[in-house]
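Below: one structure, written as structure tokens.
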Amino acid sequence: MGRKRSSRKTLSRHHGGDRNAWLQDGAITMGFDLIARATASAARTDADSALARITTVDLFANLSSRTIAPSVTCVHTSGHAAGTAGAGTYASDALATPALATAYPAFCKATANGRYFRLIAVNGAITVEQGGAVGIVGVNDQPAFQATLDYANATGVRTVQLTLPAYELWAPQRTATGLDLTDDGHLVALKGSVTLEGVGLRPVLTRKGFGGVVPSDSLSSVQQVPVSGNYWRGGGIYWSNNSAGINQNTVVILRNFVLDGGLERTADHSPIYPPGTLTGWDITDKGIWIQDVRSGTLVMEHVTIKRFRGEIIYFAGIKDATSTNTLIMDHCHVHTTCGDVLNVQGGERYIANSRFGNGFQAGEELGRGGGRYSNCEFYDCVSIGFQGGPDIGFTPGNYFVSTRQATVAPFIELDNCTFRNCGNVLVGSWLRGNIRTVDTNVYADSSTGYMQDISLTIDAWADQNNFNIGFNLRGPQTLTQQISGLPAGTYFDRPRSINVKVTAQRTAVAAANGRSLASVFAFSGYVDATSCMLEAGPSIAQRVTGSAGGLQPTLPFIVRSRFDTTNLLRGGLVQAIAVNTAISPLHIDYALDPSTAGPWDITFGTAVEFAHEQEVTFTFYDFGTEDRRVRFPVGGANLKVPCGLVLSRKNEFVTFRYNKYLGTGTWVAVAHNVFRLTGSIAYDAPVIAAGASTTTNVTVAGAQFGDKVEDIALGLDAAGLTITGYVSAPNTVTVVLANLTGGAVDLASTTLAVEVVKR
């Protein structure tokens, strides 16, 4: 090309029917199939630098057979190896070397005259098509994906795009034994910061097994690795443990695509590694696999990952004082597995507008950092767990032993999240927020770890299920139960500093079919009654409180507002009464059912711990006629009433409030709608002559004019005296003893008791 260069060269395209083009450099033209836009080597740094252009259609694969003039430093192709997929721009620069061509032959190639050109990013991005991906059914694009990501990492390109509607990625061969954290055998291994994004409508990445087999439960669909013979499926996207590019400063962005593992969920949730059944939880088949590495930041936007057999998102990088592991998700859908849908075990997490479900556990959140879930839905799983707090540890017995450190513990916040058909939501320490549950239980159970600093508002709905409980609180059964694996004398501790408000609801379908929550709350074991506060908002359920199983030595502080019961017992526990009974309240509502006439005296026991100002309501519920009575007597053990209160009519009630500062603790009557009032005095009547009478007054708090004196009882034989009474003043009953016998009557000292019926 001996012609003297001008300051600006022009390369024109001849639109011939043979699709050949001509490179024009002065009087010389050379036909070859290269599209190109070329820039001459800059002779100056100003706007008049020499510029050449190539505008001819051709493929990157043909570059090695072409001779490119030294003046041309940049070419543009119409495709990679066939058709028009993978058009790209290639530069001959300092990075385009024989070593790069050897390492990345799909991106860097020598021309016929020994010049090297490498793919460069346009608008900061390259595509997997430029690495050879074709998006054709039955063709494996995994090598092109891996090569493109590796090349991007090696040359500092930060974005890899997916421009076709669909791709097949076949699992590569696994040569390492066991679960060694090596790159081989994984569908895609990331080795540095990158953005992997679909362009336009979300492309679908379909995972196939080794050799292109369709994923299934048969042995022919999985690999058996050397030596150990363990099964291996390989999962999806893996963070390399063997690359310097993966560190605490790494940023990976996954955006706008679907990754489909191809395996449906089964009812088998048992781990299958080492070899077992192929239908269960396969821990070699994680959709996103981050383990024991400083992983930096992962951002996921508009991504669906589904149908793997292991944890679909496994975010378990190293977390210590210097790591910055962070998970950010927005508008993602992660679902369908025999294991965990979402497993986060370290770093911060900020997840919004996303859905997780159809797995064994829709989420397993094990602290080691704080975070926030906003407007997320968890659905169709056996259980789910959330635990905030600092770095964690497990005992040999798998007891969660995270404890508060000197600095403020990071909380997990749940903001407007829904849990639908999730079995049991297991909550742990350092958790707060507001959630909605549908056919789902919520548990705080000290047998799984320390329970403290929980603040939740729960809108609990019954829909298809009749047996769920709004919130379960479980403390240890004893205060001297050793935690296995910890030093002697390390015991299970009481749950503390827990504040939970539950509003129990039911859908129209549930109401039409007679379904509701079994109870708003249930609890058992030792808890800190003072700092564990449970509030029932306006609710409808079978009862307010129930048992969570085992001993109940503590009644946590419970309050409720308007409550409608579906079992006609005012939400109370039915308490059969056949003798005088001392009750140590385990619930805040009791339905008293005397089996015989009585009256039977009800007093309070001391076998249970109570919080100051706890209220308990007793409602009379007689399944028979109104000839049976229970009574809260003046002077009864551990109670204080203004007068004896007798319950004898259905739905009469008395509410007591516990005052720990009165004596050793006293239940004080604060409200009632009782129709029967009682009062008594110690009485030594004078000698009553024949035909004479005497009177005395008995205080009956609440008695008013018009009330009827129903019963007057002496503690001994009345000796023929006629005894009557009437309300003579507010709170006062006058008793008349008339001697209609033929001789004088001298009664011994005794107790005179009066019962008044309210009008």
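For the structure tokens, the naming scheme is as follows: chains receive sequential letters (A, B, ...) according to their order of presentation, residues are indexed from 1 within each chain, and ligands are indexed from 1 in presentation order.
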> If you count only C-alpha atoms, which residues fall within 9 Å of Val527 (chain A), apart from same-chain ones fewer than 5 positions away, as number ranges by chain?
Replying inline: A: 473-476, 493-496, 532, 553-556
> region 508-752 of chain A: which residues are alpha helix (DSSP H) by DSSP, as a PyMOL selection string?
Replying inline: chain A and resi 508-512
Store the residues picked out above in a file with all heavy atoms, as a short mmCIF file (atom, residue, chain, number, x, y, z; two decimals), in the first residue's frame.
data_model
loop_
_atom_site.label_atom_id
_atom_site.label_comp_id
_atom_site.auth_asym_id
_atom_site.auth_seq_id
_atom_site.Cartn_x
_atom_site.Cartn_y
_atom_site.Cartn_z
N ALA A 508 -62.94 -14.29 53.34
CA ALA A 508 -64.35 -14.66 53.17
C ALA A 508 -64.49 -16.16 52.93
O ALA A 508 -65.44 -16.79 53.40
CB ALA A 508 -64.93 -13.88 52.00
N VAL A 509 -63.54 -16.74 52.21
CA VAL A 509 -63.57 -18.19 51.98
C VAL A 509 -63.43 -18.94 53.29
O VAL A 509 -64.14 -19.92 53.56
CB VAL A 509 -62.46 -18.60 50.99
CG1 VAL A 509 -62.32 -20.11 50.93
CG2 VAL A 509 -62.75 -18.04 49.61
N ALA A 510 -62.51 -18.49 54.14
CA ALA A 510 -62.33 -19.13 55.44
C ALA A 510 -63.58 -19.01 56.29
O ALA A 510 -64.01 -19.97 56.94
CB ALA A 510 -61.13 -18.53 56.16
N ALA A 511 -64.18 -17.83 56.30
CA ALA A 511 -65.39 -17.62 57.11
C ALA A 511 -66.53 -18.52 56.62
O ALA A 511 -67.26 -19.11 57.41
CB ALA A 511 -65.80 -16.15 57.05
N ALA A 512 -66.67 -18.63 55.30
CA ALA A 512 -67.75 -19.46 54.75
C ALA A 512 -67.57 -20.93 55.08
O ALA A 512 -68.55 -21.68 55.14
CB ALA A 512 -67.80 -19.27 53.23
#
>> What's around Phe656 (chain A) at 12 Å? Count only C-alpha atoms, leave out sequence neighbours fewer than 2 positions away in its own chain, and write the answer as a ChimeraX atom specification.
In response: /A:585,588-590,603-604,612-619,632,638-642,645,653-654,658-659,666-672
>> Can you tell me which residues surround Val222 (chain A) at a distance of at most 6 Å, considering only C-alpha atoms, apart from same-chain residues fewer than 2 positions away, and format the answer as a list of chain:residue names?
In response: A:Leu219, A:Ser220, A:Trp232, A:Arg233
Print the selection's residues with N, CA and C atoms to a file, as a JSON list (two decimals), in the first residue's frame.
[["chain", "number", "residue", "atom", "x", "y", "z"],
["A", 219, "LEU", "N", -29.85, -41.55, 37.04],
["A", 219, "LEU", "CA", -28.40, -41.53, 37.14],
["A", 219, "LEU", "C", -27.74, -41.04, 35.87],
["A", 220, "SER", "N", -28.38, -41.28, 34.74],
["A", 220, "SER", "CA", -27.78, -40.89, 33.46],
["A", 220, "SER", "C", -27.75, -39.37, 33.28],
["A", 232, "TRP", "N", -22.97, -35.26, 40.94],
["A", 232, "TRP", "CA", -22.65, -33.84, 40.70],
["A", 232, "TRP", "C", -23.56, -33.30, 39.60],
["A", 233, "ARG", "N", -24.28, -32.22, 39.93],
["A", 233, "ARG", "CA", -25.06, -31.53, 38.92],
["A", 233, "ARG", "C", -24.42, -30.20, 38.53]]
>> Which residues are close to Leu205 (chain A), i.e. within 12 Å by only C-alpha atoms, leaving aside same-chain residues fewer than 6 positions away? Reply as a PyMOL selection string.
In response: chain A and resi 133+135-137+140-142+145+162-170+187-188+197-198+236-237+256-262+287+303-307
Restricting the output to N, CA and C atoms, write the selected residues as an mmCIF file, in the first residue's frame.
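out_20.cif written:
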data_model
loop_
_atom_site.group_PDB
_atom_site.id
_atom_site.type_symbol
_atom_site.label_atom_id
_atom_site.label_comp_id
_atom_site.auth_asym_id
_atom_site.auth_seq_id
_atom_site.Cartn_x
_atom_site.Cartn_y
_atom_site.Cartn_z
ATOM 1 N N ALA A 133 -21.602 -17.596 21.143
ATOM 2 C CA ALA A 133 -22.933 -18.100 21.483
ATOM 3 C C ALA A 133 -23.881 -17.892 20.319
ATOM 4 N N GLY A 135 -27.424 -19.328 20.545
ATOM 5 C CA GLY A 135 -28.817 -19.343 20.982
ATOM 6 C C GLY A 135 -29.688 -20.288 20.199
ATOM 7 N N ILE A 136 -29.171 -21.463 19.833
ATOM 8 C CA ILE A 136 -29.921 -22.445 19.052
ATOM 9 C C ILE A 136 -30.188 -23.671 19.921
ATOM 10 N N VAL A 137 -31.407 -24.190 19.871
ATOM 11 C CA VAL A 137 -31.758 -25.380 20.640
ATOM 12 C C VAL A 137 -30.838 -26.535 20.244
ATOM 13 N N ASN A 140 -24.634 -26.084 22.600
ATOM 14 C CA ASN A 140 -24.122 -25.712 23.914
ATOM 15 C C ASN A 140 -23.425 -24.354 23.852
ATOM 16 N N ASP A 141 -24.016 -23.360 24.512
ATOM 17 C CA ASP A 141 -23.417 -22.029 24.563
ATOM 18 C C ASP A 141 -22.593 -21.812 25.822
ATOM 19 N N GLN A 142 -22.446 -22.843 26.659
ATOM 20 C CA GLN A 142 -21.694 -22.659 27.898
ATOM 21 C C GLN A 142 -20.242 -22.256 27.649
ATOM 22 N N PHE A 145 -20.192 -18.567 26.905
ATOM 23 C CA PHE A 145 -20.472 -17.762 28.095
ATOM 24 C C PHE A 145 -19.230 -17.658 28.974
ATOM 25 N N LEU A 162 -26.472 -10.265 26.857
ATOM 26 C CA LEU A 162 -27.122 -11.404 26.216
ATOM 27 C C LEU A 162 -28.162 -10.820 25.270
ATOM 28 N N THR A 163 -27.990 -10.995 23.972
ATOM 29 C CA THR A 163 -28.857 -10.305 23.010
ATOM 30 C C THR A 163 -29.855 -11.225 22.315
ATOM 31 N N LEU A 164 -29.738 -12.531 22.516
ATOM 32 C CA LEU A 164 -30.659 -13.477 21.887
ATOM 33 C C LEU A 164 -31.736 -13.898 22.883
ATOM 34 N N PRO A 165 -32.870 -14.430 22.406
ATOM 35 C CA PRO A 165 -33.970 -14.778 23.318
ATOM 36 C C PRO A 165 -33.686 -15.945 24.245
ATOM 37 N N ALA A 166 -32.837 -16.899 23.813
ATOM 38 C CA ALA A 166 -32.654 -18.108 24.619
ATOM 39 C C ALA A 166 -31.282 -18.721 24.337
ATOM 40 N N TYR A 167 -30.797 -19.450 25.357
ATOM 41 C CA TYR A 167 -29.510 -20.121 25.254
ATOM 42 C C TYR A 167 -29.603 -21.451 25.987
ATOM 43 N N GLU A 168 -28.807 -22.423 25.531
ATOM 44 C CA GLU A 168 -28.607 -23.654 26.283
ATOM 45 C C GLU A 168 -27.191 -23.655 26.850
ATOM 46 N N LEU A 169 -27.086 -23.948 28.133
ATOM 47 C CA LEU A 169 -25.785 -24.066 28.777
ATOM 48 C C LEU A 169 -25.673 -25.463 29.356
ATOM 49 N N TRP A 170 -24.729 -26.241 28.855
ATOM 50 C CA TRP A 170 -24.553 -27.610 29.315
ATOM 51 C C TRP A 170 -23.496 -27.634 30.410
ATOM 52 N N LEU A 187 -21.576 -24.475 35.991
ATOM 53 C CA LEU A 187 -22.145 -24.002 34.734
ATOM 54 C C LEU A 187 -21.430 -22.740 34.260
ATOM 55 N N VAL A 188 -21.279 -21.770 35.158
ATOM 56 C CA VAL A 188 -20.563 -20.527 34.863
ATOM 57 C C VAL A 188 -19.781 -20.156 36.107
ATOM 58 N N GLU A 197 -26.080 -9.017 31.708
ATOM 59 C CA GLU A 197 -27.437 -8.501 31.539
ATOM 60 C C GLU A 197 -28.046 -8.925 30.218
ATOM 61 N N GLY A 198 -29.349 -9.215 30.289
ATOM 62 C CA GLY A 198 -30.096 -9.483 29.084
ATOM 63 C C GLY A 198 -30.550 -8.193 28.441
ATOM 64 N N GLY A 236 -25.558 -23.375 38.949
ATOM 65 C CA GLY A 236 -25.641 -22.319 37.953
ATOM 66 C C GLY A 236 -24.414 -21.427 37.934
ATOM 67 N N ILE A 237 -24.503 -20.267 38.610
ATOM 68 C CA ILE A 237 -23.436 -19.263 38.568
ATOM 69 C C ILE A 237 -22.637 -19.352 39.864
ATOM 70 N N ASN A 256 -31.889 -8.783 34.283
ATOM 71 C CA ASN A 256 -32.816 -8.989 33.179
ATOM 72 C C ASN A 256 -32.580 -10.289 32.407
ATOM 73 N N PHE A 257 -32.625 -11.426 33.124
ATOM 74 C CA PHE A 257 -32.602 -12.709 32.428
ATOM 75 C C PHE A 257 -33.222 -13.769 33.334
ATOM 76 N N VAL A 258 -33.466 -14.938 32.757
ATOM 77 C CA VAL A 258 -34.014 -16.096 33.469
ATOM 78 C C VAL A 258 -32.980 -17.208 33.416
ATOM 79 N N LEU A 259 -32.685 -17.801 34.575
ATOM 80 C CA LEU A 259 -31.807 -18.973 34.643
ATOM 81 C C LEU A 259 -32.648 -20.150 35.115
ATOM 82 N N ASP A 260 -32.818 -21.132 34.262
ATOM 83 C CA ASP A 260 -33.717 -22.261 34.519
ATOM 84 C C ASP A 260 -32.903 -23.540 34.667
ATOM 85 N N GLY A 261 -32.916 -24.124 35.887
ATOM 86 C CA GLY A 261 -32.172 -25.353 36.144
ATOM 87 C C GLY A 261 -32.847 -26.609 35.647
ATOM 88 N N GLY A 262 -34.145 -26.533 35.339
ATOM 89 C CA GLY A 262 -34.825 -27.640 34.685
ATOM 90 C C GLY A 262 -35.329 -28.756 35.569
ATOM 91 N N GLY A 287 -28.123 -22.553 42.553
ATOM 92 C CA GLY A 287 -28.322 -21.637 41.428
ATOM 93 C C GLY A 287 -27.310 -20.507 41.416
ATOM 94 N N VAL A 303 -34.347 -10.496 37.704
ATOM 95 C CA VAL A 303 -33.785 -11.817 37.410
ATOM 96 C C VAL A 303 -34.699 -12.883 37.996
ATOM 97 N N THR A 304 -34.960 -13.930 37.236
ATOM 98 C CA THR A 304 -35.656 -15.117 37.726
ATOM 99 C C THR A 304 -34.674 -16.286 37.716
ATOM 100 N N ILE A 305 -34.556 -16.957 38.857
ATOM 101 C CA ILE A 305 -33.744 -18.174 38.934
ATOM 102 C C ILE A 305 -34.634 -19.267 39.506
ATOM 103 N N LYS A 306 -34.706 -20.400 38.840
ATOM 104 C CA LYS A 306 -35.689 -21.406 39.230
ATOM 105 C C LYS A 306 -35.219 -22.813 38.902
ATOM 106 N N ARG A 307 -35.850 -23.757 39.589
ATOM 107 C CA ARG A 307 -35.772 -25.183 39.279
ATOM 108 C C ARG A 307 -34.358 -25.749 39.382
#
